[in-house]
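Everything on this sheet refers to the single structure shown next.
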2 protein chains.
Amino acid sequence: MTTAREIRLKSRPSGMCSHDNFELATVELRDPGPGEVQVQNLWMTVDPYMRGRMNDAQSYSAPFALGKVMDGGAIGQVVASNDPGFKTGDLVQSGFGWREGFTAPAKAVQKLDPRGLPPQAFLGAAGMPGLTAYVGLLKIAALKDGDVVFVSGGAGAVGSMVCQIAKAKGHKVIASAGGPEKVAFLKDIGVDHVIDYKAETDLAAAVLAGAPDGIDVYFDNVGGPHLEAALATARLFARFAICGMISIYNATEPPPGPRNLAQLIGKNIRMEGFIVSHHFDMMPAFLDDLAGWVREGKVTWKETVFEGIEKAPDAFLGLFKGENLGKMLVKLA
Amino acid sequence: MTTAREIRLKSRPSGMCSHDNFELATVELRDPGPGEVQVQNLWMTVDPYMRGRMNDAQSYSAPFALGKVMDGGAIGQVVASNDPGFKTGDLVQSGFGWREGFTAPAKAVQKLDPRGLPPQAFLGAAGMPGLTAYVGLLKIAALKDGDVVFVSGGAGAVGSMVCQIAKAKGHKVIASAGGPEKVAFLKDIGVDHVIDYKAETDLAAAVLAGAPDGIDVYFDNVGGPHLEAALATARLFARFAICGMISIYNATEPPPGPRNLAQLIGKNIRMEGFIVSHHFDMMPAFLDDLAGWVREGKVTWKETVFEGIEKAPDAFLGLFKGENLGKMLVKLA
């Protein structure tokens with residue numbers, strides 16, 4: 001490769017982000033110097049947390065710089081190597097997403113062992129979204145026998161893994177998603193009670209229809225009315241893993257929190273936020289468990305794929321419109 | 001005693017409760033039958049959680065019945081006994097507060113060993129409020145070396161114990177209270193940085209003035225803007241013990257929750273509600289620790305005392321106006 005196209009942050013959004021915030025540019029790729037590799041990206045990921053990085057605010061990940069290429073997870077293939085550890089054709093994982101290719105120090109990329117899975121699975125079910133589901137359910141919510149589990153955003157990259165891990169461990173699972181296609185997918189993967197939140201006016205009643213005695217664990221991907229419904233339907237000593245609040249990421253004014261937060265007290269609820277990067281030590285155990293579940297047919301996944309780097313903003317914006325079923329990906333080559 | 005006066009729930013409040021919700025009545029006391037005792041109450045407690053019991057709503061404690069005597073903690077003295085386990089003059093603890101005296105089965109009262117403390121201390125520092133502080137700080141918030149602690153309602157029965165237990169264990173403590181008298185009391189018991197919330201427009205800035213690097217533990221007695229300030233100033237892996245939200249107990253419409261609840265995620269905050277009655281197993285350890293701290297002069301307490309059963313509603317209503325410094329009590333004899 002001598003050139004690569006990339007997506008840059010053109011302007012910071014105020015409220016809902018749009019195409020105006022992105023621009024496509026072409027850059028020259030230098031030949032790899034000593035200890036460097038050149039990589040052609042095959043797949044890149046877009047994730048809701050990136051919305052926060054478009055703001056000029058300190059958060060748990062640094063803001064994207066204006067006028068500069070954005071970044072994120074990617075899977076690629078080495079096309080030229082000047083490092084003894086890598087050869088042409090090696091599959092690698094990196095944080096150099098939002099571009100077709102790059103030249104970088106070899107130590108900035110990791111060799112990928114696909115373990116019989118398609119490589120892009122390591123951006124989804126076998127990557128950060130899958131590990132997020134695993135950590136949130138098993139460690140943060142401390143899932144235990146007999147727990148009834150409620151998941152919002154159940155058809156997303158994280159949510160669909162939460163549903164399946166909980167089912168694989170024998171739990172009753174209630175999940176919400178928007179629209180008939182996602183509802184059908186969730187029924188297909190064995191969710192006991194599926195809520196189409198776009199068709200419901202009373203989310204708490206919808207949860208109770210599937211869990212008449214209430215819920216023990218809530219995995220929150222969306223915040224807002226779903227969190228309120230979870231507080232309303234929680235049982236004594238319920239545990240909430242707070243993973244994301246996609247419903248508010250594009251708000252200009254932060255919306256008020258749940259009106260029934262005082263339920264925490266009487267019900268002795270534990271509500272804990274988490275970022276998966278603090279729990280990378282659980283990755284080996286997760287990949288072992290995942291391999292078993294895939295073998296036994298207990299875990300599967302869906303992908304929503306956009307093709308071409310120029311479509312990356314479409315893929316990203318689609319996350320906030322609920323356009324993805326499972327993992328949202330951009331195929332680059 | 002042949003008669004006793006008592007306070008009954010006359011009507012259920014909508015919004016802020018008032019004198020109209022209470023009525024004073026006089027009842028005949030029967031002589032104790034076999035296995036019964038007659039008790040003259042010396043002290044009774046009024047506590048914020050009783051506000052919830054005035055509503056006709058299922059909560060963690062049953063609602064008071066309309067037209068019936070209210071109840072709650074009391075310390076009394078046996079004045080007649082028809083049970084071999086009790087004799088006249090015995091100090092007893094019971095749930096038969098809001099009345100001057102009662103006749104009841106001996107097994108419904110517990111003999112009180114005052115351990116050298118004034119008996120009414122067992123309604124405050126050495127009773128449920130003290131245990132609440134101990135459980136919330138040590139178990140729920142899992143206080144650990146080096147933690148910076150923030151307490152709202154710091155001059156109340158629970159809050160002042162939280163401040164002193166944290167100080168006894170060597171922590172930096174930031175506490176809020178309303179008005180100069182409470183501020184002076186908190187400085188007096190060694191709180192490092194005291195916030196007069198009535199004089200502040202920016203609570204988060206006030207917390208940071210005392211804890212420039214943020215807080216690790218928040219003990220919430222009030223909810224509302226204090227909780228928002230705690231979320232704003234929390235450090236990574238902070239733990240919040242959610243004990244009470246007195247700011248909203250009289251609201252007719254539940255107010256919105258904190259606008260910055262999404263801070264839970266990036267900061268990996270754990271927020272846990274609790275009711276002390278699930279943790280009575282910690283009472284012996286608490287009383288042992290308390291005895292040591294009192295001996296070493298590390299823990300002291302204040303009382304705000306109303307005299308006479310007819311003043312019990314004044315004492316109770318005063319809780320919501322912040323009229324108490326330390327434990328609010330009614331002296332009955």
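Identifiers in this document derive from the order of the structure tokens: chains are assigned A, B, ..., residues are numbered from 1 separately in each chain, and ligands are numbered from 1 in order of occurrence.
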
Using only C-alpha atoms, find each residue in chain B having at least one atom no more than 8 Å away from chain A; report its shortest atom-to-atom pair and that distance in Å (one decimal), rows by chain then rising number, as JSON lines.
{"residue": "B:Ser59", "atom": "CA", "partner": "A:Gly266", "partner_atom": "CA", "distance": 6.7}
{"residue": "B:Tyr60", "atom": "CA", "partner": "A:Gly266", "partner_atom": "CA", "distance": 5.3}
{"residue": "B:Ile242", "atom": "CA", "partner": "A:Ile265", "partner_atom": "CA", "distance": 6.3}
{"residue": "B:Cys243", "atom": "CA", "partner": "A:Ile265", "partner_atom": "CA", "distance": 6.3}
{"residue": "B:Gly244", "atom": "CA", "partner": "A:Ile265", "partner_atom": "CA", "distance": 7.0}
{"residue": "B:Met245", "atom": "CA", "partner": "A:Ala262", "partner_atom": "CA", "distance": 6.9}
{"residue": "B:Pro254", "atom": "CA", "partner": "A:Arg259", "partner_atom": "CA", "distance": 5.6}
{"residue": "B:Pro255", "atom": "CA", "partner": "A:Arg259", "partner_atom": "CA", "distance": 5.6}
{"residue": "B:Pro256", "atom": "CA", "partner": "A:Arg259", "partner_atom": "CA", "distance": 4.3}
{"residue": "B:Gly257", "atom": "CA", "partner": "A:Gly257", "partner_atom": "CA", "distance": 3.8}
{"residue": "B:Pro258", "atom": "CA", "partner": "A:Gly257", "partner_atom": "CA", "distance": 4.8}
{"residue": "B:Arg259", "atom": "CA", "partner": "A:Pro256", "partner_atom": "CA", "distance": 4.3}
{"residue": "B:Asn260", "atom": "CA", "partner": "A:Pro254", "partner_atom": "CA", "distance": 6.8}
{"residue": "B:Leu261", "atom": "CA", "partner": "A:Gly257", "partner_atom": "CA", "distance": 6.2}
{"residue": "B:Ala262", "atom": "CA", "partner": "A:Met245", "partner_atom": "CA", "distance": 6.9}
{"residue": "B:Leu264", "atom": "CA", "partner": "A:Gly273", "partner_atom": "CA", "distance": 4.6}
{"residue": "B:Ile265", "atom": "CA", "partner": "A:Gly273", "partner_atom": "CA", "distance": 4.0}
{"residue": "B:Gly266", "atom": "CA", "partner": "A:Tyr60", "partner_atom": "CA", "distance": 5.3}
{"residue": "B:Lys267", "atom": "CA", "partner": "A:Gly273", "partner_atom": "CA", "distance": 7.2}
{"residue": "B:Asn268", "atom": "CA", "partner": "A:Phe274", "partner_atom": "CA", "distance": 4.4}
{"residue": "B:Ile269", "atom": "CA", "partner": "A:Gly273", "partner_atom": "CA", "distance": 5.4}
{"residue": "B:Arg270", "atom": "CA", "partner": "A:Glu272", "partner_atom": "CA", "distance": 4.2}
{"residue": "B:Met271", "atom": "CA", "partner": "A:Met271", "partner_atom": "CA", "distance": 5.1}
{"residue": "B:Glu272", "atom": "CA", "partner": "A:Arg270", "partner_atom": "CA", "distance": 4.2}
{"residue": "B:Gly273", "atom": "CA", "partner": "A:Ile265", "partner_atom": "CA", "distance": 4.0}
{"residue": "B:Phe274", "atom": "CA", "partner": "A:Asn268", "partner_atom": "CA", "distance": 4.5}
{"residue": "B:Ile275", "atom": "CA", "partner": "A:Gly266", "partner_atom": "CA", "distance": 6.4}

### Message
What's around Gln164 in chain B at 10 Å? Count only C-alpha atoms, leave out sequence neighbours fewer than 2 positions away in its own chain, and write the answer as a PyMOL selection string.
### Response
chain B and resi 133+154+159-162+166-171+173+186+189-191+293+298-301

### Query
Which polymer residues have any atom within 12 Å of an atom of Asp314 in chain B, counting only C-alpha atoms, with same-chain residues fewer than 5 positions away left out, as an NGL selection string?
:B and (7 or 17-22 or 46 or 304-309 or 319-321 or 323-324 or 328-330)

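Among A:Thr201, A:Ala229, A:Leu112, A:Tyr134, the residue with the shortest atom-to-atom distance to Leu290 in chain A, counting only C-alpha atoms, is A:Tyr134.
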
### Task
Rounded to one decimal place, report the CA of Asp83 in chain B-CA of Ala65 in chain B distance in Å.
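That distance, rounded to one decimal, is 29.5 Å.
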
### Message
Could you go through range 140-200 of chain A and tell me which residues DSSP, when run on the backbone, assigns to strand (DSSP E or B), listing them as a VMD selection string?
### Response
chain A and resid 148 to 151 156 172 to 177 193 to 196

With N, CA, C and O atoms retained, export the selected residues as an mmCIF file, in the first residue's frame.
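Final file, again.cif:
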data_model
loop_
_atom_site.group_PDB
_atom_site.id
_atom_site.type_symbol
_atom_site.label_atom_id
_atom_site.label_comp_id
_atom_site.auth_asym_id
_atom_site.auth_seq_id
_atom_site.Cartn_x
_atom_site.Cartn_y
_atom_site.Cartn_z
ATOM 1 N N VAL A 148 -32.918 -13.928 38.157
ATOM 2 C CA VAL A 148 -33.638 -13.533 36.947
ATOM 3 C C VAL A 148 -32.941 -12.289 36.398
ATOM 4 O O VAL A 148 -32.705 -11.325 37.130
ATOM 5 N N VAL A 149 -32.599 -12.336 35.100
ATOM 6 C CA VAL A 149 -31.759 -11.302 34.483
ATOM 7 C C VAL A 149 -32.574 -10.460 33.506
ATOM 8 O O VAL A 149 -33.313 -11.011 32.690
ATOM 9 N N PHE A 150 -32.424 -9.143 33.602
ATOM 10 C CA PHE A 150 -33.033 -8.225 32.637
ATOM 11 C C PHE A 150 -31.904 -7.465 31.932
ATOM 12 O O PHE A 150 -30.989 -6.970 32.582
ATOM 13 N N VAL A 151 -31.977 -7.412 30.587
ATOM 14 C CA VAL A 151 -30.944 -6.755 29.777
ATOM 15 C C VAL A 151 -31.616 -5.748 28.863
ATOM 16 O O VAL A 151 -32.542 -6.115 28.143
ATOM 17 N N GLY A 156 -27.955 -5.801 20.794
ATOM 18 C CA GLY A 156 -26.685 -5.178 20.420
ATOM 19 C C GLY A 156 -25.508 -6.119 20.637
ATOM 20 O O GLY A 156 -25.668 -7.271 21.052
ATOM 21 N N LYS A 172 -33.196 -17.392 33.749
ATOM 22 C CA LYS A 172 -34.326 -16.792 33.043
ATOM 23 C C LYS A 172 -33.901 -15.399 32.601
ATOM 24 O O LYS A 172 -33.352 -14.627 33.412
ATOM 25 N N VAL A 173 -34.128 -15.068 31.337
ATOM 26 C CA VAL A 173 -33.655 -13.796 30.784
ATOM 27 C C VAL A 173 -34.805 -13.013 30.148
ATOM 28 O O VAL A 173 -35.556 -13.556 29.337
ATOM 29 N N ILE A 174 -34.909 -11.750 30.542
ATOM 30 C CA ILE A 174 -35.835 -10.796 29.943
ATOM 31 C C ILE A 174 -34.960 -9.804 29.192
ATOM 32 O O ILE A 174 -33.993 -9.293 29.762
ATOM 33 N N ALA A 175 -35.268 -9.503 27.934
ATOM 34 C CA ALA A 175 -34.445 -8.549 27.192
ATOM 35 C C ALA A 175 -35.326 -7.604 26.406
ATOM 36 O O ALA A 175 -36.413 -7.978 25.964
ATOM 37 N N SER A 176 -34.844 -6.374 26.242
ATOM 38 C CA SER A 176 -35.577 -5.407 25.429
ATOM 39 C C SER A 176 -34.767 -5.064 24.188
ATOM 40 O O SER A 176 -33.534 -5.113 24.193
ATOM 41 N N ALA A 177 -35.482 -4.727 23.134
ATOM 42 C CA ALA A 177 -34.860 -4.288 21.884
ATOM 43 C C ALA A 177 -35.936 -3.542 21.102
ATOM 44 O O ALA A 177 -37.112 -3.581 21.471
ATOM 45 N N HIS A 193 -38.295 -13.839 27.582
ATOM 46 C CA HIS A 193 -39.352 -12.843 27.418
ATOM 47 C C HIS A 193 -38.731 -11.620 26.758
ATOM 48 O O HIS A 193 -37.814 -11.007 27.312
ATOM 49 N N VAL A 194 -39.219 -11.289 25.555
ATOM 50 C CA VAL A 194 -38.626 -10.190 24.797
ATOM 51 C C VAL A 194 -39.584 -9.002 24.787
ATOM 52 O O VAL A 194 -40.782 -9.164 24.556
ATOM 53 N N ILE A 195 -39.044 -7.822 25.064
ATOM 54 C CA ILE A 195 -39.844 -6.598 25.086
ATOM 55 C C ILE A 195 -39.443 -5.733 23.893
ATOM 56 O O ILE A 195 -38.265 -5.400 23.741
ATOM 57 N N ASP A 196 -40.432 -5.391 23.048
ATOM 58 C CA ASP A 196 -40.169 -4.415 21.990
ATOM 59 C C ASP A 196 -40.446 -3.042 22.600
ATOM 60 O O ASP A 196 -41.588 -2.608 22.679
#

#### Entry: Backbone-only DSSP, alpha helix (DSSP H) members of range 1-129 of chain A, as an NGL selection string
:A and (50-53 or 128-129)

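Counting only C-alpha atoms and comparing A:Ala104, A:Ala333, A:Leu117, A:Ala232, the residue that lies closest to Gln40 in chain A is A:Ala333.
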
### Task
Would you mind listing what lies within 8 Å of Ala25 in chain B as an MDAnalysis selection string, with only C-alpha atoms counted and same-chain residues fewer than 6 positions away left out?
chainID B and resid 5:8

Any chance you can output those residues with N, CA, C and O atoms as a PDB file, in the first residue's frame?
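Output below, filename part-v3.pdb:
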ATOM      1  N   ARG B   5     -51.026   8.377  77.495  1.00  0.00           N
ATOM      2  CA  ARG B   5     -51.349   9.124  76.284  1.00  0.00           C
ATOM      3  C   ARG B   5     -50.522   8.565  75.112  1.00  0.00           C
ATOM      4  O   ARG B   5     -49.417   8.068  75.314  1.00  0.00           O
ATOM      5  N   GLU B   6     -51.086   8.677  73.935  1.00  0.00           N
ATOM      6  CA  GLU B   6     -50.384   8.154  72.753  1.00  0.00           C
ATOM      7  C   GLU B   6     -50.691   9.028  71.539  1.00  0.00           C
ATOM      8  O   GLU B   6     -51.674   9.765  71.523  1.00  0.00           O
ATOM      9  N   ILE B   7     -49.833   8.914  70.531  1.00  0.00           N
ATOM     10  CA  ILE B   7     -50.031   9.676  69.287  1.00  0.00           C
ATOM     11  C   ILE B   7     -50.513   8.722  68.205  1.00  0.00           C
ATOM     12  O   ILE B   7     -49.913   7.674  67.980  1.00  0.00           O
ATOM     13  N   ARG B   8     -51.636   9.117  67.573  1.00  0.00           N
ATOM     14  CA  ARG B   8     -52.191   8.299  66.491  1.00  0.00           C
ATOM     15  C   ARG B   8     -52.057   8.996  65.145  1.00  0.00           C
ATOM     16  O   ARG B   8     -51.973  10.218  65.078  1.00  0.00           O
TER      17      ARG B   8
END
